[in-house]
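Quick notes on the structure that follows.
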Amino acid sequence: MTNALLFKEWKKTKWFVIGAFIVGAALLTYIFLRLGRSFRMVGMEHLWDVVINRDQFLLRELKYFPLAAGIAIAFSQFVPEVIQKRIKLSLHLPLSNKRVVFTMMGYGLSVLSLVYLLHILAILIFMGVHFPLEFIISALYTLAPWYVAGLMAYVLLAWICLEPSWKRRIFNALIMFGVLQLCFLSDFPGAYAFILFAVILLPIYILPFGYRSVERFKIGIQD
Amino acid sequence: MQPIVECKNLTHYYGNRCIYENLNFEIPQGRILGLLGKNGTGKTTTINILNGYLKPRSGECLMFGESSAKLSPATKQKVGLLIEGHVQYSFMNISEIEKFYSAFYPKWKKEAYYELMKLLKIDPKQQISRMSCGQKSQVALGLILAQDPELLILDDFSMGLDPGYRMLFVDYLSEYAKAENKTVFVTSHIIQDMERLIDDCLIMDYGKIVTQKPIEELLNTFKRFKFKSQSSGLLNDLQEIYHPVSIKENTEAYSFMTKNEMEVLLNKNNIQHGRITEESLSLEEAFIGLTGKY
């Protein structure tokens, strides 16, 4: 049964997942080519100087990619469920409602994490060749909140889609906007070093929100 | 024997608007109950309460003895649901959707689904979103037949269907339900389809239940009376008479009374009248008689 549910989610999202992967790969290719050109034109010493002494971050173009991928996958997965209240079909499947909702969200978070992991792996390999460990760790501290923002955007957009009342959806969208700001407070390298653990846990805190909206749908709340 | 569906004292309001108060009905095993009503009288509201998608203001619905608000997976497995508009996962094609649902139902009958799909003469790779409304209705029906549920709940199955598809749907469903002794709860606003399908009817008007009877009893007892009268305005005050209409002096009135009882009633209330003729009704005419034309 779980496999069948996962198949349904894949059917809805496959072009968005593949799209997110291709766009991510294209973005990294562009960044790596640009950095490679800089290595050749101005030399490694100058680049290190820019990074270490002037606190510039070389991967700034990546900033909104995880966010866009999270929004796209949540959109492709949950909008078809709420059009014509198709979620009724999913909730009528002979499974508990909790299992249906969390399997759907688990699928989305897993494919999103897979896209992100491949992305981060490519970054680590590239940086491992050209930069020392301290630099790589500092870059990961800077990148992590952006990827967490992607996961949070996914969970929060699912919450907005599953919410049956339009008024509450607007309220939820404002909450989403506010919460996502937490991940984009600073681009300064390593700015989130001391609160990174708390930021990484944010998507887990908000995970049950979508299920709460389904419970509201189940009792017939509407505008 | 416990009924398959039991609704007790259901009351529901949207804001201050009363949909109904103290609605009670039950569906015994093997019966087909039709819920008939004009648009906006609470048919879909009742289906939503029954499926646990709406909490009534008071009262409760039981399916297989379980509260409809918290159905267990085992009970959901026994219920086939057709959502208004034949909504299905339209991003799947007809073979994918069959495979998808088969994973959830142990008694899945693939051949029942494909038998119906053969009639459509479409490619198994055809995506549901690209089908006509009639074709979608057959996909939805085929999936329910393959599920082989004990209880079928069908919300406005005739919506958007042309007469051919409506008839196909009714014929298939009726034959299946009777042959397999299935229990069915069905709503529709196209009454003539229901006459060939249902055993019992529950007719709703705005805010109330008008009648609840086996269809045979309704059609045997509810009649239209025609007579000439110049004082037909007085008929509106008589409880036994439903929706009297007069054009000039030609009067039509509906009632559960016999012709003799009608004559006695008219005389007792000093309503001058000519010869009374009694007419049997189709379900659609009985529905109009009970709920009025407006």
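Letters A, B, ... mark the chains of the structure tokens in the order given; residue numbers begin at 1 per chain; ligand numbers begin at 1, in order shown.
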Residues of chain B within 10 Å of chain A, counting only C-alpha atoms, as an NGL selection string: :B and (14 or 45 or 48-49 or 51-56 or 69-92 or 96-97 or 99-105)
Which residue of A:Val50, A:Ile175, A:Ala158, A:Ile31 approaches Met104 in chain A most closely, using only C-alpha atoms: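 With only C-alpha atoms as the atom set, the closest residue is A:Ala158.
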Computed interatomic separation between CA of Leu207 in chain A and CA of Lys14 in chain A (Å):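 Computed distance, CA of Leu207 in chain A to CA of Lys14 in chain A, equals 22.4 Å.
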Near-Leu116 in chain B list (8 Å; only C-alpha atoms; drop same-chain fewer than 4 positions) as a PyMOL selection string: chain B and resi 112+120+138-139+142
Would you save the residues of that selection, restricted to N, CA, C and O atoms, as a PDB file, in the first residue's frame?
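See out.pdb below for the written result:
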```pdb
ATOM      1  N   ALA B 112     -13.544  -6.873 -13.808  1.00  0.00           N
ATOM      2  CA  ALA B 112     -14.760  -6.041 -13.766  1.00  0.00           C
ATOM      3  C   ALA B 112     -14.454  -4.646 -14.307  1.00  0.00           C
ATOM      4  O   ALA B 112     -15.265  -4.046 -15.014  1.00  0.00           O
ATOM      5  N   LEU B 120     -15.487   1.508 -23.636  1.00  0.00           N
ATOM      6  CA  LEU B 120     -15.074   2.876 -23.963  1.00  0.00           C
ATOM      7  C   LEU B 120     -14.200   2.931 -25.218  1.00  0.00           C
ATOM      8  O   LEU B 120     -14.035   3.996 -25.812  1.00  0.00           O
ATOM      9  N   GLN B 138     -17.262   6.334 -16.304  1.00  0.00           N
ATOM     10  CA  GLN B 138     -17.110   4.887 -16.439  1.00  0.00           C
ATOM     11  C   GLN B 138     -15.851   4.396 -15.734  1.00  0.00           C
ATOM     12  O   GLN B 138     -15.838   3.298 -15.167  1.00  0.00           O
ATOM     13  N   VAL B 139     -14.802   5.203 -15.772  1.00  0.00           N
ATOM     14  CA  VAL B 139     -13.570   4.835 -15.052  1.00  0.00           C
ATOM     15  C   VAL B 139     -13.880   4.762 -13.557  1.00  0.00           C
ATOM     16  O   VAL B 139     -13.542   3.783 -12.875  1.00  0.00           O
ATOM     17  N   GLY B 142     -16.042   1.755 -12.880  1.00  0.00           N
ATOM     18  CA  GLY B 142     -15.247   0.529 -13.045  1.00  0.00           C
ATOM     19  C   GLY B 142     -14.368   0.277 -11.830  1.00  0.00           C
ATOM     20  O   GLY B 142     -14.231  -0.864 -11.374  1.00  0.00           O
TER      21      GLY B 142
END
```
Backbone-only DSSP, strand (DSSP E or B) members of range 85-282 of chain B, as number ranges by chain: B: 93, 127, 151-154, 183-188, 200-205, 208-214, 223-228, 241-247, 250-255, 277-279
Extract, using only C-alpha atoms, all DNA, RNA and protein residues at most 9 Å from Leu145 in chain B, discarding same-chain residues fewer than 4 positions from it, and format them as a CSV table (one decimal) with N, CA, C and O atoms, in the first residue's frame.
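Writing the result to part_2.csv gives the following:
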```csv
chain,number,residue,atom,x,y,z
B,80,GLY,N,-17.2,1.7,-1.1
B,80,GLY,CA,-16.8,2.3,-2.4
B,80,GLY,C,-17.4,3.7,-2.5
B,80,GLY,O,-18.6,3.9,-2.3
B,108,TRP,N,-9.9,-7.3,-5.0
B,108,TRP,CA,-9.9,-6.5,-6.2
B,108,TRP,C,-10.2,-7.4,-7.4
B,108,TRP,O,-9.6,-8.5,-7.6
B,109,LYS,N,-11.2,-6.9,-8.3
B,109,LYS,CA,-11.6,-7.7,-9.5
B,109,LYS,C,-11.2,-6.9,-10.7
B,109,LYS,O,-12.0,-6.1,-11.2
B,112,ALA,N,-13.5,-6.9,-13.8
B,112,ALA,CA,-14.8,-6.0,-13.8
B,112,ALA,C,-14.5,-4.6,-14.3
B,112,ALA,O,-15.3,-4.0,-15.0
B,113,TYR,N,-13.3,-4.1,-14.0
B,113,TYR,CA,-12.9,-2.8,-14.4
B,113,TYR,C,-12.6,-2.8,-15.9
B,113,TYR,O,-13.1,-2.0,-16.7
B,140,ALA,N,-14.6,5.8,-13.0
B,140,ALA,CA,-14.9,5.8,-11.6
B,140,ALA,C,-15.8,4.6,-11.2
B,140,ALA,O,-15.6,4.0,-10.2
B,141,LEU,N,-16.8,4.3,-12.1
B,141,LEU,CA,-17.7,3.2,-11.8
B,141,LEU,C,-16.9,1.9,-11.9
B,141,LEU,O,-17.0,1.0,-11.0
B,149,PRO,N,-16.9,-3.4,-3.1
B,149,PRO,CA,-17.2,-3.0,-1.7
B,149,PRO,C,-18.6,-3.6,-1.3
B,149,PRO,O,-19.4,-3.9,-2.1
B,173,LEU,N,-24.8,-0.5,-12.7
B,173,LEU,CA,-24.9,-0.4,-11.3
B,173,LEU,C,-26.0,-1.3,-10.7
B,173,LEU,O,-25.8,-2.0,-9.8
B,176,TYR,N,-25.3,-5.0,-11.1
B,176,TYR,CA,-24.3,-5.4,-10.1
B,176,TYR,C,-24.8,-5.4,-8.7
B,176,TYR,O,-24.6,-6.4,-8.0
```
Within 12 Å of Phe21 in chain A using only C-alpha atoms, minus same-chain residues under 2 positions, as a PyMOL selection string: chain A and resi 14-19+23-28+65-66+68-70+72-73+111-119
Keeping only N, CA and C atoms, write the selected residues as a PDB file, in the first residue's frame.
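Contents of the output file again.pdb:
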```pdb
ATOM      1  N   LYS A  14       6.947  13.911 -10.829  1.00  0.00           N
ATOM      2  CA  LYS A  14       8.209  13.488 -11.472  1.00  0.00           C
ATOM      3  C   LYS A  14       8.863  14.582 -12.316  1.00  0.00           C
ATOM      4  N   TRP A  15       8.063  15.346 -13.097  1.00  0.00           N
ATOM      5  CA  TRP A  15       8.683  16.363 -13.945  1.00  0.00           C
ATOM      6  C   TRP A  15       9.261  17.499 -13.123  1.00  0.00           C
ATOM      7  N   PHE A  16       8.677  17.758 -11.986  1.00  0.00           N
ATOM      8  CA  PHE A  16       9.194  18.820 -11.110  1.00  0.00           C
ATOM      9  C   PHE A  16      10.486  18.357 -10.421  1.00  0.00           C
ATOM     10  N   VAL A  17      10.526  17.076 -10.038  1.00  0.00           N
ATOM     11  CA  VAL A  17      11.736  16.545  -9.394  1.00  0.00           C
ATOM     12  C   VAL A  17      12.877  16.542 -10.414  1.00  0.00           C
ATOM     13  N   ILE A  18      12.574  16.024 -11.618  1.00  0.00           N
ATOM     14  CA  ILE A  18      13.603  15.986 -12.662  1.00  0.00           C
ATOM     15  C   ILE A  18      14.029  17.417 -13.010  1.00  0.00           C
ATOM     16  N   GLY A  19      13.051  18.317 -13.094  1.00  0.00           N
ATOM     17  CA  GLY A  19      13.339  19.725 -13.390  1.00  0.00           C
ATOM     18  C   GLY A  19      14.239  20.336 -12.331  1.00  0.00           C
ATOM     19  N   VAL A  23      17.869  21.842 -13.173  1.00  0.00           N
ATOM     20  CA  VAL A  23      18.173  23.259 -12.904  1.00  0.00           C
ATOM     21  C   VAL A  23      19.326  23.365 -11.902  1.00  0.00           C
ATOM     22  N   GLY A  24      19.280  22.501 -10.870  1.00  0.00           N
ATOM     23  CA  GLY A  24      20.349  22.490  -9.862  1.00  0.00           C
ATOM     24  C   GLY A  24      21.690  22.169 -10.504  1.00  0.00           C
ATOM     25  N   ALA A  25      21.696  21.152 -11.377  1.00  0.00           N
ATOM     26  CA  ALA A  25      22.949  20.750 -12.039  1.00  0.00           C
ATOM     27  C   ALA A  25      23.448  21.874 -12.942  1.00  0.00           C
ATOM     28  N   ALA A  26      22.535  22.534 -13.642  1.00  0.00           N
ATOM     29  CA  ALA A  26      22.926  23.624 -14.548  1.00  0.00           C
ATOM     30  C   ALA A  26      23.505  24.791 -13.745  1.00  0.00           C
ATOM     31  N   LEU A  27      22.877  25.085 -12.610  1.00  0.00           N
ATOM     32  CA  LEU A  27      23.346  26.183 -11.764  1.00  0.00           C
ATOM     33  C   LEU A  27      24.748  25.896 -11.240  1.00  0.00           C
ATOM     34  N   LEU A  28      24.973  24.659 -10.795  1.00  0.00           N
ATOM     35  CA  LEU A  28      26.300  24.293 -10.282  1.00  0.00           C
ATOM     36  C   LEU A  28      27.341  24.347 -11.394  1.00  0.00           C
ATOM     37  N   PHE A  65      17.957  28.697  -4.852  1.00  0.00           N
ATOM     38  CA  PHE A  65      17.634  27.449  -5.558  1.00  0.00           C
ATOM     39  C   PHE A  65      16.903  26.443  -4.655  1.00  0.00           C
ATOM     40  N   PRO A  66      17.401  26.143  -3.429  1.00  0.00           N
ATOM     41  CA  PRO A  66      16.683  25.151  -2.595  1.00  0.00           C
ATOM     42  C   PRO A  66      15.253  25.595  -2.292  1.00  0.00           C
ATOM     43  N   ALA A  68      13.305  27.516  -4.186  1.00  0.00           N
ATOM     44  CA  ALA A  68      12.475  27.347  -5.389  1.00  0.00           C
ATOM     45  C   ALA A  68      12.137  25.865  -5.598  1.00  0.00           C
ATOM     46  N   ALA A  69      13.121  24.983  -5.349  1.00  0.00           N
ATOM     47  CA  ALA A  69      12.872  23.534  -5.537  1.00  0.00           C
ATOM     48  C   ALA A  69      11.815  23.043  -4.543  1.00  0.00           C
ATOM     49  N   GLY A  70      11.906  23.494  -3.292  1.00  0.00           N
ATOM     50  CA  GLY A  70      10.926  23.088  -2.264  1.00  0.00           C
ATOM     51  C   GLY A  70       9.525  23.545  -2.629  1.00  0.00           C
ATOM     52  N   ALA A  72       8.408  24.290  -5.669  1.00  0.00           N
ATOM     53  CA  ALA A  72       7.936  23.604  -6.888  1.00  0.00           C
ATOM     54  C   ALA A  72       7.427  22.200  -6.561  1.00  0.00           C
ATOM     55  N   ILE A  73       8.161  21.478  -5.731  1.00  0.00           N
ATOM     56  CA  ILE A  73       7.747  20.093  -5.442  1.00  0.00           C
ATOM     57  C   ILE A  73       6.475  20.079  -4.585  1.00  0.00           C
ATOM     58  N   VAL A 111      12.463  13.121  -1.604  1.00  0.00           N
ATOM     59  CA  VAL A 111      12.991  13.447  -2.947  1.00  0.00           C
ATOM     60  C   VAL A 111      13.712  14.795  -2.930  1.00  0.00           C
ATOM     61  N   LEU A 112      13.163  15.702  -2.136  1.00  0.00           N
ATOM     62  CA  LEU A 112      13.806  17.009  -2.026  1.00  0.00           C
ATOM     63  C   LEU A 112      15.197  16.857  -1.393  1.00  0.00           C
ATOM     64  N   SER A 113      15.274  16.060  -0.332  1.00  0.00           N
ATOM     65  CA  SER A 113      16.559  15.837   0.341  1.00  0.00           C
ATOM     66  C   SER A 113      17.546  15.171  -0.610  1.00  0.00           C
ATOM     67  N   LEU A 114      17.037  14.256  -1.451  1.00  0.00           N
ATOM     68  CA  LEU A 114      17.920  13.573  -2.401  1.00  0.00           C
ATOM     69  C   LEU A 114      18.514  14.572  -3.401  1.00  0.00           C
ATOM     70  N   VAL A 115      17.649  15.455  -3.914  1.00  0.00           N
ATOM     71  CA  VAL A 115      18.135  16.482  -4.849  1.00  0.00           C
ATOM     72  C   VAL A 115      19.180  17.348  -4.145  1.00  0.00           C
ATOM     73  N   TYR A 116      18.888  17.742  -2.911  1.00  0.00           N
ATOM     74  CA  TYR A 116      19.818  18.597  -2.153  1.00  0.00           C
ATOM     75  C   TYR A 116      21.140  17.866  -1.876  1.00  0.00           C
ATOM     76  N   LEU A 117      21.024  16.568  -1.499  1.00  0.00           N
ATOM     77  CA  LEU A 117      22.236  15.816  -1.158  1.00  0.00           C
ATOM     78  C   LEU A 117      23.160  15.698  -2.361  1.00  0.00           C
ATOM     79  N   LEU A 118      22.576  15.424  -3.533  1.00  0.00           N
ATOM     80  CA  LEU A 118      23.399  15.327  -4.746  1.00  0.00           C
ATOM     81  C   LEU A 118      24.068  16.664  -5.040  1.00  0.00           C
ATOM     82  N   HIS A 119      23.333  17.709  -4.798  1.00  0.00           N
ATOM     83  CA  HIS A 119      23.820  19.064  -4.997  1.00  0.00           C
ATOM     84  C   HIS A 119      24.998  19.347  -4.075  1.00  0.00           C
TER      85      HIS A 119
END
```
Spatial neighbours of Cys18 in chain B, max dist 12 Å, only C-alpha atoms, sep filter under 2 positions, as a PyMOL selection string: chain B and resi 10-16+20-23+40-42+45+56-57+205-208
Neighbour list for Thr258 in chain B as number ranges by chain, cut-off 9 Å, only C-alpha atoms, skip fewer than 4 positions in-chain: B: 221-223, 262-263, 278
Could you save the residues just selected, with C-alpha atoms, as a compact mmCIF listing (two decimals), in the first residue's frame?
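The resulting file, part-v9.txt, is shown below:
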```txt
# COMPACT_ATOMS: atom_id res chain seq x y z
CA THR B 221 -49.99 5.70 -2.60
CA PHE B 222 -49.01 9.17 -3.80
CA LYS B 223 -51.39 10.39 -6.53
CA MET B 262 -60.03 13.46 -1.30
CA GLU B 263 -63.69 13.93 -2.14
CA GLU B 278 -56.91 10.31 -10.01
```
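Straight-line separation from CA of Met117 in chain B to CA of Asp162 in chain B: 17.7 Å.
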